[in-house]
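Undergrad: Let me give you the structure first, and then I'll get to my questions.
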Amino acid sequence: MEKKNCFLIKTLIRLLQACKAIGQQGGRLPQPAVCSGIPKREPTTQMLTVRGHRLAIAEAGDPKGFPVFYAHGNPGSRLELALLDEDARRFGYRLIVFDRPGFGRSPYIEPYLLKDFAEDLAALADLKKIARFGLIGWSSGVPPVIATNYYYPQRVAFTFAISGYTDFSRFPDARQFMAEKGLPGAMLAENHPLAFSLTVWGLRHVDLYRPDFYLYEAVKKMPPFDRRMLDSPASACLFMRTQQEGLRQGSEGAVQDLKVQWQHWGFEMSEVKNPIQVMQGEADVFVPQAFGRHLSANLANGRLHLFPGKGHLLPFSADFCEEMFSQARQLQKVPLSGDK
C-alpha cells in the first residue's frame with residue numbers, strides 16, 4: 001500500500017508540474033507544433049436529441065453507402081472518423097459516430113452504462129431510418145459495440161472490435177495485470193477513486209494545454225509501429241486534436257466511461273451470439289493483447305485477428321483499414337442472428 005501511495009503522489013506531482021503556468025486560453029485550445037500549416041478540417045456536427053438527451057453526431061465516408069456506426073476511444077471523439085473516411089468512401093460505407101455523453105460536444109449525463117450506448121445507437125438509427133448497420137469500435141469503443149450486439153443482435157451486419165478491453169469481471173486479476181504492464185489506472189480507480197479522478201483531471205489539462213508535451217510523453221511509450229503511424233505531421237495532429245476535442249468539456253465523461261468498462265458489463269460475453277472480429281496488435285502497450293485473446297475466447301462467436309509487430313494505433317494504418325473494409329464486404333453476406 002505504501003508503494004502504491006508513493007506512486008500516486010509522484011504521478012500527481014508530475015501532472016501538476018506539467019500543468020504549471022497554464023494560462024487562460026480564451027476558450028481556444030492550443031495546437032501542437034505538428035499541426036502548423038495543417039488545415040483544421042472537421043466533419044459537420046449535428047446536435048440531435050436522442051432518448052431525451054443531446055448528442056453530437058458526425059458522418060463521413062460515402063453518404064449513400066451501407067451505414068456503419070463507429071464508437072470512439074477514450075480520450076477520443078467524433079473526429080476519429082477522419083481515420084476511416086477515405087477507405088470508407090472507396091468501399092462504399094457511410095460512417096456515423098456520436099460523442100458519448102461527457103466527450104466532445106455531447107453534454108455529460110450520469111449514469112451512462114453500456115446498455116445506454118446501445119439504446120442511443122439504436123434510437124439514432126431509427127431517427128435516420130436505418131434498419132441494419134455495421135459496427136466498428138476502437139479501444140474504449142469496443143465494449144459499447146459489443147453491448148450493441150447483445151441488445152440488438154438482429155440489426156447488426158458485422159462488428160470490428162479493435163484494440164479493446166475485455167470484461168474485467170471475467171478476467172482474473174485484470175487490474176493487477178494492467179498495473180504490472182505499467183497501466184495502473186484500473187487499480188487506482190478501484191482502490192482510490194478520488195485520486196483516479198484527479199489523475200484524469202491532470203492528464204486532461206496536459207492534453208488540452210500542453211499538447212506537445214503530451215504527444216512527446218505518449219510517443220515514448222509506444223512500440224515502433226505506433227511511432228511510425230505518427231511520423232506524419234497530419235496523423236500526429238489528428239491524434240492530438242481528437243483527444244483534445246474529447247476532453248474539451250471536462251474529465252467526468254472519461255472517468256465514468258472507464259469505470260463502466262472496468263466493471264461487469266451488465267451481460268455475459270458468452271451470450272453475444274453474433275460474430276465479432278477481434279482485431280489486436282501483438283505489440284499494443286495500451287491495451288495488452290491478453291485482453292483481445294480473452295475477449296475472443298469468451299465471446300460465443302469471437303474471431304481473433306492478431307497483427308504481429310503492430311500496436312494500438314491500427315486505425316492509423318492504411319493497410320489495416322483496407323483489410324478491415326475488405327472483410328466487411330464479405331461479412332455483410334452473413335445472415336442476421338435471431339432475436340435473443
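Letters A, B, ... go to the chains of the C-alpha cells in the order shown; residues in each chain start at 1; ligands are counted from 1 in the same order.
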Using only C-alpha atoms, which residues sit within 8 Å of region 73-85 of chain A once same-chain residues fewer than 4 positions away are excluded, as an NGL selection string?
TA: :A and (42-43 or 57-61 or 89 or 95 or 97-100 or 103-104 or 137-141 or 238 or 241-247 or 254 or 257-258 or 315-316 or 321)
Undergrad: Write the residues you've just listed into a file as a short mmCIF file (atom, residue, chain, number, x, y, z; two decimals), in the first residue's frame, and include C-alpha atoms for each of them.
TA:
```
data_model
loop_
_atom_site.label_atom_id
_atom_site.label_comp_id
_atom_site.auth_asym_id
_atom_site.auth_seq_id
_atom_site.Cartn_x
_atom_site.Cartn_y
_atom_site.Cartn_z
CA GLU A 42 -13.69 18.71 -39.03
CA PRO A 43 -16.78 16.76 -40.05
CA ILE A 57 -23.21 13.39 -34.27
CA ALA A 58 -20.92 13.37 -37.30
CA GLU A 59 -20.80 11.45 -40.56
CA ALA A 60 -18.09 10.58 -43.08
CA GLY A 61 -17.42 8.17 -45.91
CA ARG A 89 -15.69 6.16 -49.39
CA LEU A 95 -19.78 6.21 -41.28
CA VAL A 97 -20.46 8.45 -34.87
CA PHE A 98 -21.68 10.28 -31.79
CA ASP A 99 -19.61 11.66 -28.94
CA ARG A 100 -20.54 9.64 -25.87
CA PHE A 103 -16.99 13.72 -24.58
CA GLY A 104 -16.67 16.36 -27.29
CA GLY A 137 -15.24 0.18 -32.09
CA TRP A 138 -11.68 1.20 -31.31
CA SER A 139 -10.08 0.94 -27.85
CA SER A 140 -12.71 2.07 -25.32
CA GLY A 141 -15.22 1.92 -28.16
CA LEU A 238 -5.20 14.31 -35.75
CA ARG A 241 -6.95 17.09 -31.98
CA THR A 242 -9.37 14.20 -31.47
CA GLN A 243 -8.24 13.76 -27.85
CA GLN A 244 -8.38 17.47 -27.10
CA GLU A 245 -11.89 17.58 -28.54
CA GLY A 246 -12.88 14.56 -26.48
CA LEU A 247 -11.77 16.22 -23.24
CA ALA A 254 -13.69 10.00 -19.45
CA ASP A 257 -16.54 5.77 -19.30
CA LEU A 258 -13.53 3.90 -17.94
CA PRO A 315 -6.86 2.59 -37.50
CA PHE A 316 -3.99 4.95 -38.42
CA CYS A 321 -8.25 -0.03 -42.88
#
```
Undergrad: Could you give me, as a list in words, each residue of region 260-290 of chain A that DSSP assigns to strand (DSSP E or B) when run on this structure's backbone?
TA: Ile276, Gln277, Val278, Met279, Gln280 and Gly281 of chain A
Undergrad: Could you tell me how far CA of Pro107 (chain A) lies from CA of Gly52 (chain A), in Å and to one decimal?
TA: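 CA of Gly52 (chain A) lies 11.8 Å from CA of Pro107 (chain A).
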Undergrad: With a distance cut-off of 7 Å and only C-alpha atoms, select the neighbouring residues of Pro223 (chain A), excluding the residue or stretch itself and same-chain residues fewer than 3 positions from it, and output the selection as a list in words.
TA: Asp226, Arg227, Ala283 and Gly311 of chain A
Undergrad: Could you make a table, as a Markdown table, of the residues of region 91-190 of chain A that have an atom within 7 Å of an atom of region 285-298 of chain A, each with its nearest atom pair and distance in Å to one decimal, counting only C-alpha atoms, in chain and number order?
TA:
```
| residue | atom | partner | partner_atom | distance |
| --- | --- | --- | --- | --- |
| A:Ser163 | CA | A:Val287 | CA | 6.3 |
| A:Gly164 | CA | A:Val287 | CA | 6.4 |
| A:Tyr165 | CA | A:Phe291 | CA | 5.9 |
| A:Thr166 | CA | A:Leu295 | CA | 5.0 |
```
Undergrad: Dump N, CA and C atoms for the selected residues as a short mmCIF file (atom, residue, chain, number, x, y, z; two decimals), in the first residue's frame?
TA:
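The file below, part22.cif, is the result:
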```cif
data_model
loop_
_atom_site.label_atom_id
_atom_site.label_comp_id
_atom_site.auth_asym_id
_atom_site.auth_seq_id
_atom_site.Cartn_x
_atom_site.Cartn_y
_atom_site.Cartn_z
N SER A 163 -8.51 -3.38 -30.75
CA SER A 163 -7.63 -2.98 -29.64
C SER A 163 -8.42 -2.57 -28.40
N GLY A 164 -9.38 -3.41 -27.99
CA GLY A 164 -10.27 -3.01 -26.90
C GLY A 164 -10.19 -3.88 -25.67
N TYR A 165 -10.93 -3.44 -24.64
CA TYR A 165 -10.96 -4.15 -23.36
C TYR A 165 -11.85 -5.38 -23.42
N THR A 166 -11.57 -6.31 -22.50
CA THR A 166 -12.47 -7.41 -22.22
C THR A 166 -13.22 -7.07 -20.93
#
```
